[in-house]
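Trainee: Next comes target.cif, mmCIF, C-alpha atoms:
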```
data_upload
#
loop_
_atom_site.label_atom_id
_atom_site.label_comp_id
_atom_site.auth_asym_id
_atom_site.auth_seq_id
_atom_site.Cartn_x
_atom_site.Cartn_y
_atom_site.Cartn_z
CA MET A 112 0.00 0.00 0.00
CA SER A 113 1.39 3.40 -0.91
CA ASN A 114 1.34 6.44 1.31
CA ALA A 115 0.01 9.83 0.27
CA ILE A 116 2.19 11.47 2.89
CA GLU A 117 5.36 10.15 4.45
CA VAL A 118 6.85 11.88 7.44
CA THR A 119 10.28 10.42 8.26
CA GLY A 120 12.33 11.21 11.37
CA VAL A 121 11.17 14.81 11.55
CA SER A 122 12.49 16.99 14.38
CA LYS A 123 12.08 20.68 15.10
CA THR A 124 13.21 22.66 18.11
CA TYR A 125 11.58 25.87 19.20
CA LYS A 126 12.39 27.89 22.30
CA ASN A 127 9.86 26.19 24.59
CA TYR A 128 8.92 23.30 22.49
CA LYS A 129 10.36 20.33 20.67
CA LEU A 130 9.12 17.91 18.05
CA SER A 131 11.29 14.80 18.31
CA ASP A 132 11.90 12.26 15.60
CA VAL A 133 8.35 11.85 14.33
CA THR A 134 7.71 9.17 11.70
CA PHE A 135 4.36 8.16 10.26
CA GLY A 136 2.51 7.71 7.00
CA VAL A 137 -0.88 8.69 5.65
CA PRO A 138 -2.07 5.71 3.57
CA LYS A 139 -3.59 6.47 0.20
CA GLY A 140 -7.33 5.96 -0.08
CA TYR A 141 -8.05 6.26 3.61
CA ILE A 142 -8.82 8.75 6.35
CA THR A 143 -6.11 9.37 8.94
CA GLY A 144 -6.74 11.25 12.14
CA LEU A 145 -3.88 13.13 13.80
CA ILE A 146 -4.87 13.37 17.43
CA GLY A 147 -3.31 14.72 20.60
CA PRO A 148 -3.86 17.33 23.31
CA ASN A 149 -3.06 21.01 22.78
CA GLY A 150 0.65 21.53 22.22
CA ALA A 151 1.19 17.97 20.97
CA GLY A 152 2.65 19.18 17.69
CA LYS A 153 -0.29 18.51 15.37
CA SER A 154 -0.39 21.93 13.76
CA THR A 155 3.39 22.08 13.44
CA ILE A 156 3.38 18.78 11.54
CA ILE A 157 0.58 19.97 9.26
CA LYS A 158 2.38 23.24 8.57
CA MET A 159 5.48 21.24 7.67
CA ILE A 160 3.49 19.10 5.26
CA MET A 161 2.19 22.30 3.69
CA GLY A 162 5.74 23.65 3.42
CA MET A 163 5.06 26.56 5.77
CA VAL A 164 7.54 25.36 8.40
CA GLN A 165 10.87 23.72 7.64
CA PRO A 166 11.94 20.77 9.78
CA ASP A 167 15.41 20.88 11.40
CA LYS A 168 15.91 17.20 10.65
CA GLY A 169 14.13 14.48 8.70
CA SER A 170 12.16 14.56 5.49
CA ILE A 171 8.58 14.75 4.32
CA SER A 172 7.19 13.57 1.02
CA VAL A 173 3.72 14.40 -0.25
CA LEU A 174 2.20 12.45 -3.15
CA GLY A 175 5.66 11.25 -4.10
CA ASN A 176 7.30 14.70 -3.99
CA VAL A 177 10.06 15.18 -1.42
CA LEU A 178 9.48 18.60 0.04
CA SER A 179 12.13 21.28 -0.29
CA PRO A 180 11.81 25.05 0.23
CA HIS A 181 11.45 25.39 -3.55
CA SER A 182 8.77 22.82 -4.28
CA GLY A 183 5.25 24.14 -4.69
CA ASP A 184 3.62 22.39 -7.64
CA TYR A 185 2.22 19.63 -5.50
CA LYS A 186 -0.04 22.09 -3.72
CA GLU A 187 -2.57 22.05 -6.52
CA GLU A 188 -3.23 18.47 -5.46
CA ILE A 189 -3.87 19.44 -1.85
CA GLY A 190 -7.04 20.83 -0.37
CA TYR A 191 -6.01 22.67 2.79
CA VAL A 192 -8.49 23.62 5.46
CA SER A 193 -7.04 25.62 8.33
CA ASP A 194 -8.49 26.37 11.73
CA GLU A 195 -7.46 29.98 11.19
CA ASN A 196 -9.09 32.26 8.64
CA ILE A 197 -6.79 32.22 5.62
CA PHE A 198 -8.97 34.52 3.49
CA TYR A 199 -9.10 38.30 3.05
CA ASP A 200 -11.51 39.68 5.60
CA CYS A 201 -12.85 42.72 3.77
CA ILE A 202 -14.18 41.12 0.60
CA THR A 203 -17.12 38.84 -0.09
CA MET A 204 -16.87 35.08 -0.39
CA GLY A 205 -17.74 35.34 -4.08
CA ARG A 206 -14.89 37.77 -4.71
CA MET A 207 -12.48 35.59 -2.75
CA LYS A 208 -13.42 32.67 -4.95
CA GLN A 209 -12.71 34.73 -8.09
CA ILE A 210 -9.22 35.43 -6.76
CA ILE A 211 -8.41 31.86 -5.77
CA ALA A 212 -10.06 29.81 -8.54
CA PRO A 213 -7.64 30.76 -11.40
CA PHE A 214 -4.74 29.21 -9.48
CA TYR A 215 -6.23 25.76 -9.89
CA SER A 216 -6.31 24.10 -13.30
CA ARG A 217 -9.00 21.66 -12.16
CA TRP A 218 -11.28 24.29 -10.63
CA ASP A 219 -14.88 23.06 -10.91
CA GLU A 220 -17.38 25.91 -10.83
CA ASP A 221 -20.35 23.51 -10.66
CA ALA A 222 -18.92 21.75 -7.63
CA TYR A 223 -18.29 25.14 -6.00
CA THR A 224 -21.91 26.22 -6.59
CA LYS A 225 -23.11 22.86 -5.28
CA TYR A 226 -21.15 23.15 -2.02
CA MET A 227 -22.10 26.82 -1.48
CA THR A 228 -25.76 25.84 -1.77
CA LEU A 229 -25.36 22.70 0.32
CA PHE A 230 -23.56 24.61 3.08
CA GLU A 231 -26.05 27.51 2.83
CA LEU A 232 -23.32 30.08 2.26
CA PRO A 233 -24.36 33.44 0.71
CA GLU A 234 -21.70 34.46 -1.84
CA ARG A 235 -22.33 38.16 -1.29
CA LYS A 236 -21.53 38.12 2.41
CA LYS A 237 -18.25 39.68 3.48
CA ILE A 238 -15.88 37.23 5.10
CA LYS A 239 -15.42 39.41 8.18
CA ASP A 240 -19.20 39.20 8.76
CA CYS A 241 -19.20 35.41 8.65
CA SER A 242 -19.34 33.33 11.83
CA LYS A 243 -16.46 30.99 12.63
CA GLY A 244 -18.53 28.05 11.42
CA MET A 245 -19.34 29.77 8.12
CA LYS A 246 -15.67 30.55 7.49
CA MET A 247 -14.84 26.91 8.13
CA LYS A 248 -17.58 25.77 5.76
CA PHE A 249 -16.36 28.20 3.10
CA SER A 250 -12.83 26.88 3.55
CA ILE A 251 -14.09 23.31 3.08
CA ALA A 252 -16.17 24.30 0.02
CA MET A 253 -13.13 25.97 -1.58
CA ALA A 254 -10.87 23.00 -0.84
CA LEU A 255 -13.30 20.49 -2.35
CA SER A 256 -14.02 22.56 -5.48
CA TYR A 257 -10.77 21.76 -7.28
CA HIS A 258 -10.90 18.01 -6.61
CA PRO A 259 -7.58 17.67 -4.79
CA SER A 260 -6.21 14.16 -4.34
CA LEU A 261 -5.27 14.90 -0.75
CA LEU A 262 -7.35 16.77 1.79
CA ILE A 263 -5.53 18.18 4.82
CA MET A 264 -7.60 19.70 7.57
CA ASP A 265 -6.31 21.32 10.73
CA GLU A 266 -8.96 21.18 13.48
CA PRO A 267 -11.81 21.28 10.95
CA THR A 268 -14.60 20.82 13.48
CA ALA A 269 -13.72 23.98 15.42
CA GLY A 270 -16.77 26.25 15.35
CA LEU A 271 -18.98 23.74 13.55
CA ASP A 272 -22.31 22.72 15.01
CA PRO A 273 -23.07 19.01 15.58
CA VAL A 274 -25.47 18.89 12.64
CA PHE A 275 -22.87 20.01 10.13
CA ARG A 276 -20.16 17.87 11.76
CA ARG A 277 -22.28 14.81 10.96
CA GLU A 278 -22.83 15.99 7.39
CA LEU A 279 -19.10 16.48 7.06
CA LEU A 280 -18.61 12.79 7.87
CA ASP A 281 -20.74 11.91 4.84
CA LEU A 282 -18.80 14.31 2.64
CA LEU A 283 -15.48 12.82 3.74
CA SER A 284 -16.62 9.22 3.17
CA GLU A 285 -17.93 10.26 -0.23
CA TYR A 286 -14.62 11.93 -1.04
CA ILE A 287 -12.51 8.78 -0.47
CA MET A 288 -15.05 6.51 -2.22
CA ASP A 289 -12.86 6.19 -5.36
CA GLU A 290 -9.99 4.68 -3.28
CA GLU A 291 -7.57 7.21 -4.83
CA LYS A 292 -8.00 10.19 -2.54
CA SER A 293 -6.72 10.52 1.00
CA ILE A 294 -7.56 12.63 4.02
CA LEU A 295 -5.46 13.80 6.96
CA PHE A 296 -7.16 15.76 9.70
CA SER A 297 -6.03 16.89 13.10
CA THR A 298 -8.21 17.27 16.14
CA HIS A 299 -8.12 17.29 19.91
CA LEU A 300 -11.82 16.49 20.07
CA THR A 301 -11.93 12.83 19.18
CA THR A 302 -15.63 12.15 19.47
CA ASP A 303 -17.00 12.91 16.02
CA LEU A 304 -14.43 12.69 13.27
CA ASP A 305 -12.83 9.59 14.71
CA ARG A 306 -15.92 7.61 13.72
CA VAL A 307 -14.82 7.53 10.10
CA ALA A 308 -11.04 7.54 10.67
CA ASP A 309 -9.26 4.44 9.38
CA TYR A 310 -5.85 5.25 10.85
CA ILE A 311 -4.90 7.13 13.98
CA THR A 312 -1.63 8.93 14.58
CA PHE A 313 -1.29 10.08 18.15
CA LEU A 314 1.14 12.79 19.18
CA ASN A 315 1.87 13.89 22.73
CA LYS A 316 4.27 16.67 23.76
CA GLY A 317 6.11 16.52 20.46
CA ASN A 318 6.53 12.74 20.51
CA LEU A 319 4.80 10.10 18.46
CA VAL A 320 2.84 7.80 20.77
CA LEU A 321 1.40 5.50 18.13
CA SER A 322 0.34 5.29 14.52
CA ASP A 323 -1.88 2.38 13.53
CA THR A 324 -5.33 1.41 12.31
CA LYS A 325 -8.02 2.71 14.63
CA ASP A 326 -9.35 -0.79 15.29
CA ASP A 327 -5.92 -1.97 16.42
CA VAL A 328 -5.44 1.03 18.66
CA LEU A 329 -8.82 0.56 20.32
CA GLU A 330 -8.34 -3.17 20.77
CA ARG A 331 -4.87 -2.90 22.22
CA TYR A 332 -5.82 -0.88 25.27
CA LEU A 333 -8.22 -1.69 28.08
CA LEU A 334 -9.69 0.56 30.72
CA VAL A 335 -9.50 -0.95 34.20
CA LYS A 336 -11.41 0.23 37.26
CA GLY A 337 -10.86 -1.22 40.71
CA ALA A 338 -10.06 -0.81 44.39
CA SER A 339 -7.00 1.29 45.22
CA SER A 340 -5.59 -1.59 47.30
CA LEU A 341 -4.82 -3.44 44.06
CA LEU A 342 -2.30 -0.83 42.97
CA ASP A 343 1.25 -1.97 43.62
CA ALA A 344 4.46 -1.37 41.70
CA ASP A 345 3.93 -4.34 39.38
CA VAL A 346 0.40 -3.33 38.57
CA ARG A 347 1.39 0.27 37.91
CA LYS A 348 3.94 -0.92 35.38
CA GLU A 349 1.12 -2.32 33.23
CA LEU A 350 -0.84 0.90 33.31
CA VAL A 351 -0.18 3.82 31.00
CA GLY A 352 -1.80 6.29 33.33
CA VAL A 353 -3.74 6.05 36.58
CA ARG A 354 -6.35 8.27 38.13
CA GLU A 355 -6.64 7.59 41.85
CA THR A 356 -9.38 8.84 44.12
CA ALA A 357 -10.65 8.01 47.60
CA VAL A 358 -13.13 5.55 46.11
CA GLY A 359 -10.87 3.58 43.79
CA PHE A 360 -8.71 3.92 40.72
CA GLU A 361 -9.10 3.84 36.98
CA GLY A 362 -6.20 3.20 34.71
CA LEU A 363 -5.40 2.43 31.11
CA ALA A 364 -3.77 -0.95 30.56
CA ARG A 365 -1.19 -1.09 27.81
CA GLU A 366 -1.98 -4.65 26.81
CA ARG A 367 -5.45 -6.05 26.98
CA LYS A 368 -4.52 -9.70 27.46
CA LYS A 369 -1.87 -9.10 30.08
CA ALA A 370 -4.22 -6.91 32.09
CA MET A 371 -6.94 -9.54 32.08
CA GLU A 372 -4.46 -12.17 33.33
CA LEU A 373 -3.20 -9.80 35.99
CA PHE A 374 -6.53 -8.59 37.34
CA GLY A 375 -8.80 -11.56 36.66
CA ASP A 376 -12.29 -10.72 37.87
CA ARG A 377 -11.22 -8.35 40.62
CA VAL A 378 -11.75 -5.26 38.50
CA LEU A 379 -14.21 -3.74 36.08
CA TYR A 380 -13.15 -3.69 32.42
CA GLN A 381 -14.26 -1.19 29.87
CA GLN A 382 -13.46 -0.50 26.24
CA PRO A 383 -11.66 2.86 26.27
CA THR A 384 -12.52 5.58 23.77
CA LEU A 385 -9.78 7.43 21.90
CA GLU A 386 -10.41 10.33 24.23
CA GLU A 387 -9.67 8.15 27.25
CA ILE A 388 -6.55 6.76 25.62
CA MET A 389 -5.46 10.34 24.98
CA TYR A 390 -6.27 11.42 28.53
CA PHE A 391 -4.39 8.65 30.30
CA THR A 392 -1.42 8.77 27.97
CA SER A 393 -0.87 12.48 28.40
CA LYS A 394 -1.47 12.15 32.14
CA GLY A 395 0.87 9.16 32.35
CA GLY A 396 4.11 11.14 32.43
CA ASN A 397 2.85 13.19 35.37
CA GLN A 398 1.57 10.41 37.54
CA HIS A 399 4.28 10.76 40.18
CA ALA A 400 4.26 14.53 40.24
CA MET B 200 -31.05 -5.87 5.02
CA ASN B 201 -30.76 -3.61 8.03
CA ILE B 202 -27.62 -3.04 10.06
CA LEU B 203 -28.05 -1.22 13.34
CA LEU B 204 -24.90 -0.31 15.22
CA SER B 205 -24.64 0.57 18.85
CA GLN B 206 -21.69 2.76 19.81
CA SER B 207 -22.13 1.95 23.47
CA SER B 208 -22.86 -1.78 23.61
CA GLY B 209 -19.25 -2.77 24.27
CA GLU B 210 -19.30 -5.19 21.33
CA SER B 211 -16.85 -4.02 18.69
CA ILE B 212 -18.35 -2.41 15.60
CA TYR B 213 -16.96 -4.99 13.20
CA LEU B 214 -18.44 -7.89 15.19
CA GLN B 215 -21.82 -6.19 15.21
CA ILE B 216 -21.71 -5.99 11.42
CA VAL B 217 -20.59 -9.62 11.06
CA ARG B 218 -23.30 -10.84 13.41
CA GLN B 219 -26.09 -8.93 11.68
CA ILE B 220 -25.13 -9.80 8.10
CA ARG B 221 -24.58 -13.44 9.14
CA ALA B 222 -28.06 -13.55 10.68
CA SER B 223 -29.60 -12.05 7.52
CA ILE B 224 -27.91 -14.71 5.39
CA LEU B 225 -28.63 -17.69 7.63
CA GLN B 226 -32.25 -16.70 8.06
CA GLY B 227 -32.62 -16.60 4.31
CA GLU B 228 -33.37 -12.88 4.18
CA LEU B 229 -30.44 -12.49 1.80
CA ALA B 230 -30.58 -15.12 -0.94
CA PRO B 231 -27.43 -16.60 -2.49
CA GLY B 232 -26.05 -14.27 -5.16
CA THR B 233 -27.50 -11.11 -3.62
CA PRO B 234 -24.96 -8.29 -3.96
CA LEU B 235 -23.86 -6.62 -0.73
CA PRO B 236 -23.17 -2.87 -0.60
CA SER B 237 -19.58 -2.02 -1.50
CA ILE B 238 -17.21 -1.70 1.46
CA ARG B 239 -16.86 2.04 1.01
CA GLN B 240 -20.58 2.59 0.50
CA LEU B 241 -21.41 0.66 3.68
CA ALA B 242 -18.73 2.56 5.62
CA LYS B 243 -20.28 5.82 4.43
CA ASP B 244 -23.83 4.74 5.26
CA LEU B 245 -22.85 3.59 8.74
CA GLN B 246 -20.48 6.56 9.23
CA ILE B 247 -17.66 4.25 10.24
CA SER B 248 -14.15 3.47 9.09
CA VAL B 249 -13.50 1.70 5.77
CA ILE B 250 -11.05 -0.63 7.49
CA THR B 251 -13.63 -1.72 10.07
CA THR B 252 -16.06 -2.57 7.26
CA LYS B 253 -13.36 -4.40 5.32
CA ARG B 254 -12.59 -6.46 8.39
CA ALA B 255 -16.23 -7.47 8.75
CA TYR B 256 -16.41 -8.57 5.09
CA ASN B 257 -13.15 -10.53 5.43
CA GLU B 258 -14.56 -12.37 8.41
CA LEU B 259 -17.78 -13.24 6.55
CA GLU B 260 -15.70 -14.40 3.61
CA GLN B 261 -13.69 -16.69 5.86
CA GLU B 262 -16.88 -18.16 7.25
CA GLY B 263 -17.84 -18.95 3.66
CA LEU B 264 -20.96 -16.81 3.81
CA ILE B 265 -19.97 -14.27 1.17
CA ASP B 266 -17.73 -14.19 -1.91
CA SER B 267 -15.78 -11.18 -3.04
CA VAL B 268 -14.95 -10.71 -6.69
CA VAL B 269 -12.27 -8.15 -7.49
CA GLY B 270 -13.81 -5.22 -9.34
CA LYS B 271 -17.36 -6.50 -8.88
CA GLY B 272 -17.91 -6.43 -5.15
CA SER B 273 -19.21 -8.92 -2.61
CA PHE B 274 -22.09 -11.34 -2.95
CA VAL B 275 -23.92 -13.74 -0.69
CA SER B 276 -22.23 -17.06 -1.25
CA GLY B 277 -24.02 -19.55 -3.49
CA GLY B 278 -23.51 -22.20 -0.82
CA SER B 279 -26.08 -24.99 -0.84
CA GLN B 280 -29.02 -25.20 1.55
CA GLU B 281 -27.11 -28.06 3.16
CA PHE B 282 -24.25 -25.74 4.03
CA ILE B 283 -26.52 -23.09 5.50
CA ARG B 284 -28.32 -25.73 7.54
CA GLU B 285 -24.97 -26.90 8.86
CA GLN B 286 -24.01 -23.37 9.82
CA ARG B 287 -27.29 -22.88 11.64
CA LEU B 288 -26.88 -26.18 13.46
CA LYS B 289 -23.45 -25.05 14.52
CA MET B 290 -24.92 -21.84 15.90
CA LEU B 291 -27.53 -23.87 17.74
CA GLU B 292 -24.80 -26.08 19.17
CA ASP B 293 -23.06 -23.04 20.61
CA LYS B 294 -26.28 -21.99 22.28
CA ILE B 295 -26.85 -25.48 23.72
CA ARG B 296 -23.34 -25.45 25.15
CA GLU B 297 -24.14 -22.15 26.82
CA VAL B 298 -27.34 -23.56 28.30
CA LEU B 299 -25.52 -26.65 29.55
CA GLU B 300 -22.91 -24.54 31.24
CA GLU B 301 -25.61 -22.50 32.93
CA CYS B 302 -27.26 -25.75 34.07
CA ARG B 303 -24.04 -26.96 35.63
CA SER B 304 -23.66 -23.75 37.60
CA ILE B 305 -27.20 -23.78 39.02
CA PRO B 306 -27.00 -26.93 39.18
CA LEU B 307 -29.71 -28.55 37.08
CA SER B 308 -29.46 -32.10 35.72
CA THR B 309 -29.71 -32.77 32.00
CA GLU B 310 -32.82 -34.90 32.62
CA GLU B 311 -34.52 -31.98 34.35
CA LEU B 312 -33.50 -29.70 31.49
CA VAL B 313 -34.97 -32.06 28.88
CA GLU B 314 -38.20 -32.27 30.88
CA TRP B 315 -38.28 -28.49 30.98
CA ILE B 316 -37.75 -28.19 27.23
CA LYS B 317 -40.59 -30.66 26.60
CA LEU B 318 -42.82 -28.69 28.91
CA LEU B 319 -42.03 -25.44 27.11
CA GLU B 320 -42.72 -27.07 23.78
CA LYS B 321 -46.16 -28.25 24.97
CA GLU B 322 -46.93 -24.75 26.20
CA GLY B 323 -45.93 -23.42 22.81
CA ASP B 324 -48.26 -25.89 21.05
CA SER B 325 -51.25 -25.02 23.19
CA LYS B 326 -50.92 -21.29 22.44
#
```
Translate this structure into structure tokens?

Mentor:
Amino acid sequence: MSNAIEVTGVSKTYKNYKLSDVTFGVPKGYITGLIGPNGAGKSTIIKMIMGMVQPDKGSISVLGNVLSPHSGDYKEEIGYVSDENIFYDCITMGRMKQIIAPFYSRWDEDAYTKYMTLFELPERKKIKDCSKGMKMKFSIAMALSYHPSLLIMDEPTAGLDPVFRRELLDLLSEYIMDEEKSILFSTHLTTDLDRVADYITFLNKGNLVLSDTKDDVLERYLLVKGASSLLDADVRKELVGVRETAVGFEGLARERKKAMELFGDRVLYQQPTLEEIMYFTSKGGNQHA
Amino acid sequence: MNILLSQSSGESIYLQIVRQIRASILQGELAPGTPLPSIRQLAKDLQISVITTKRAYNELEQEGLIDSVVGKGSFVSGGSQEFIREQRLKMLEDKIREVLEECRSIPLSTEELVEWIKLLEKEGDSK
């Protein structure tokens, strides 16, 4: 299977922040979710893929092109949706479209009209008068209107209501239907988009925690709840993170099978959600603090 | 065919799909040769991952319930009535095992169980 994006050994050091040796791929024809708490490095990685930030070390290739400061052609193949407003504020959406469309050889005016109608966006409204959700919808409409082979979205659900978030899931599934197109999105809210995600790449504090199919990730971990008296050094070793209270503990077990052998029927087991995996993993490092 | 997924049942999504399609096939609701929705279409309809759906289809293929033809999609296997009967008997066997285990833990003797089954059957007839 080929990858639409390959990130290999990428590092970047900022004053207060470090991205260390991150390697993962975005498989072609599938949806990959880049998840992690704030400050995990998600946006930095996406900016690197878009060529807006240069890595100190490592390499990135997008659709077979190894990125260098001089490469730009590949961008016609990428639909980029940012969580920040990347459009001119003082003009209307229609005018903005007239400025952007000529840059794309595959611009599809019919598709654009279809999405503007579907998303209920008035072309004559000035961008500065649009709500956050409308700007996001406009950004998505623009990105889909030139049929890119790769869709990259940074926190796309920010500002979107639950109704549209659900509709977006349909649009994304539709988009990858031909098995040729790929999607990478980042989010720290894992509850909605993760439903359709095929692969999950999890970053925490600038480090890669895991990158695998979502099913594998979910089936690897197990949430364990039990009496605090069960917690000893050996048990703690099996847990990624523990939350202890006066009435018991809950912890995330690294390996499902091992945990079940260790605890038997003395604890309560639960299938963790991605959000819980994220919570315990990012908490894990602080458990002795 | 209907597939209804529960996000909170604890049973993994792919097993829910396998179980429901299997039931539709074994109960004869889906006749041999019936085309199934494409993997990507089903993933879209259920708003779930393509890989999860693929996994469910692979499992059904291994059980011999569906056939996948490259470029054409997946179809309910043309397996004979004999085969389907066998599969259903196997499912019944699993259930009987479960009942027997329950009996042992109560405990209830096999003779008592058989009597009970006969009684239930009579009740069913008189209704």

Trainee: Nearest to chain A among B:Pro234, B:Lys243, B:Ser211, B:Ile216, with distances taken over all atoms listed in the file: which residue is it?

Mentor: B:Lys243

Trainee: Please list as a compact mmCIF listing (two decimals) with C-alpha atoms, in the frame of the given file every residue within 10 Å of Val358 in chain A, counting only C-alpha atoms and excluding residues in the same chain fewer than 3 positions away.

Mentor:
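Saved result, out.txt, follows:
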```txt
# COMPACT_ATOMS: atom_id res chain seq x y z
CA GLY A 337 -10.86 -1.22 40.71
CA ALA A 338 -10.06 -0.81 44.39
CA SER A 339 -7.00 1.29 45.22
CA GLU A 355 -6.64 7.59 41.85
```

Trainee: So which residues touch Ala255 in chain B within 9 Å, counting all atoms listed in the file, skipping near sequence neighbours fewer than 2 positions away, as an MDAnalysis selection string?

Mentor: chainID B and resid 212:217 250:253 257:260

Trainee: With C-alpha atoms retained, could you export that selection as a tab-separated table (two decimals), in the coordinates of the input?

Mentor:
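So selection25.tsv came out as:
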```tsv
chain	number	residue	atom	x	y	z
B	212	ILE	CA	-18.35	-2.41	15.60
B	213	TYR	CA	-16.96	-4.99	13.20
B	214	LEU	CA	-18.44	-7.89	15.19
B	215	GLN	CA	-21.82	-6.19	15.21
B	216	ILE	CA	-21.71	-5.99	11.42
B	217	VAL	CA	-20.59	-9.62	11.06
B	250	ILE	CA	-11.05	-0.63	7.49
B	251	THR	CA	-13.63	-1.72	10.07
B	252	THR	CA	-16.06	-2.57	7.26
B	253	LYS	CA	-13.36	-4.40	5.32
B	257	ASN	CA	-13.15	-10.53	5.43
B	258	GLU	CA	-14.56	-12.37	8.41
B	259	LEU	CA	-17.78	-13.24	6.55
B	260	GLU	CA	-15.70	-14.40	3.61
```

Trainee: For range 183-192 of chain A, list every protein, DNA or RNA residue within 12 Å, evaluated using only C-alpha atoms, and leave out those in the same chain fewer than 4 positions away; present the list as a PyMOL selection string.

Mentor: chain A and resi 115-116+154+157-158+160-163+172-179+196-198+211-218+246-269+286+292-297

Trainee: Go through chain B and flag each residue having an atom no more than 8 Å from chain A; for those, report the closest pair of atoms plus their distance in Å to one decimal, using all atoms listed in the file, ordered by chain and rising number, as CSV.

Mentor:
```
residue,atom,partner,partner_atom,distance
B:Gly209,CA,A:Gln382,CA,6.5
B:Arg239,CA,A:Met288,CA,5.8
B:Gln240,CA,A:Met288,CA,7.3
B:Ala242,CA,A:Ser284,CA,7.4
B:Lys243,CA,A:Ser284,CA,5.2
B:Asp244,CA,A:Asp281,CA,7.8
B:Gln246,CA,A:Val307,CA,5.8
B:Ile247,CA,A:Val307,CA,4.3
B:Ser248,CA,A:Val307,CA,4.2
B:Val249,CA,A:Asp309,CA,6.2
B:Ile250,CA,A:Asp309,CA,5.7
B:Thr251,CA,A:Asp326,CA,6.8
```

Trainee: As JSON, what would the box around range 320-324 of chain A look like: edges along x, y and z, 3 Å added on every side, centre and edge lengths in Å to one decimal?

Mentor:
```
{"center_x": -1.2, "center_y": 4.6, "center_z": 16.5, "size_x": 14.2, "size_y": 12.4, "size_z": 14.5}
```

Trainee: Would you compute the distance between CA of Ala222 in chain A and CA of Ser193 in chain A? Give it in Å to one decimal.

Mentor: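 About the pair CA of Ala222 in chain A and CA of Ser193 in chain A: they are 20.3 Å apart.
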
Trainee: Suppose you want the space between CA of Val118 in chain A and CA of Gly169 in chain A; what is it in Å?

Mentor: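 According to the coordinates, CA of Val118 in chain A and CA of Gly169 in chain A are separated by 7.8 Å.
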
Trainee: Just give me the gap between CA of Ser131 in chain A and CA of Glu386 in chain A in Å, one decimal is fine.

Mentor: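 If I compute the distance from CA of Ser131 in chain A to CA of Glu386 in chain A, I get 22.9 Å.
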
Trainee: Quick one: apply the PyMOL selection byres ((chain B and resi 271) around 12) to the file and drop the selected residues here as a ChimeraX atom specification.

Mentor: /B:234-238,266-270,272-274

Trainee: Please provide the set of residues having any atom within 12 Å of Lys369 in chain A, restricted to all atoms listed in the file, with same-chain residues fewer than 6 positions apart removed, written as a list of chain:residue names.

Mentor: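 Once the nearby chain positions are removed, what remains is A:Arg331, A:Tyr332, A:Leu333, A:Val335, A:Asp345, A:Val346, A:Lys348, A:Glu349, A:Leu350, A:Gly375.
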
Trainee: Within 12 Å of Arg354 in chain A, counting all atoms listed in the file, which residues qualify if same-chain residues fewer than 4 places away don't, as a PyMOL selection string?

Mentor: chain A and resi 334-339+342+347+350+358-363+387+390-395+397-399

Trainee: Specify as an MDAnalysis selection string each residue included when the PyMOL selection byres ((chain A and resi 239) around 8) is applied to this file.

Mentor: chainID A and resid 200:202 237:238 240:241
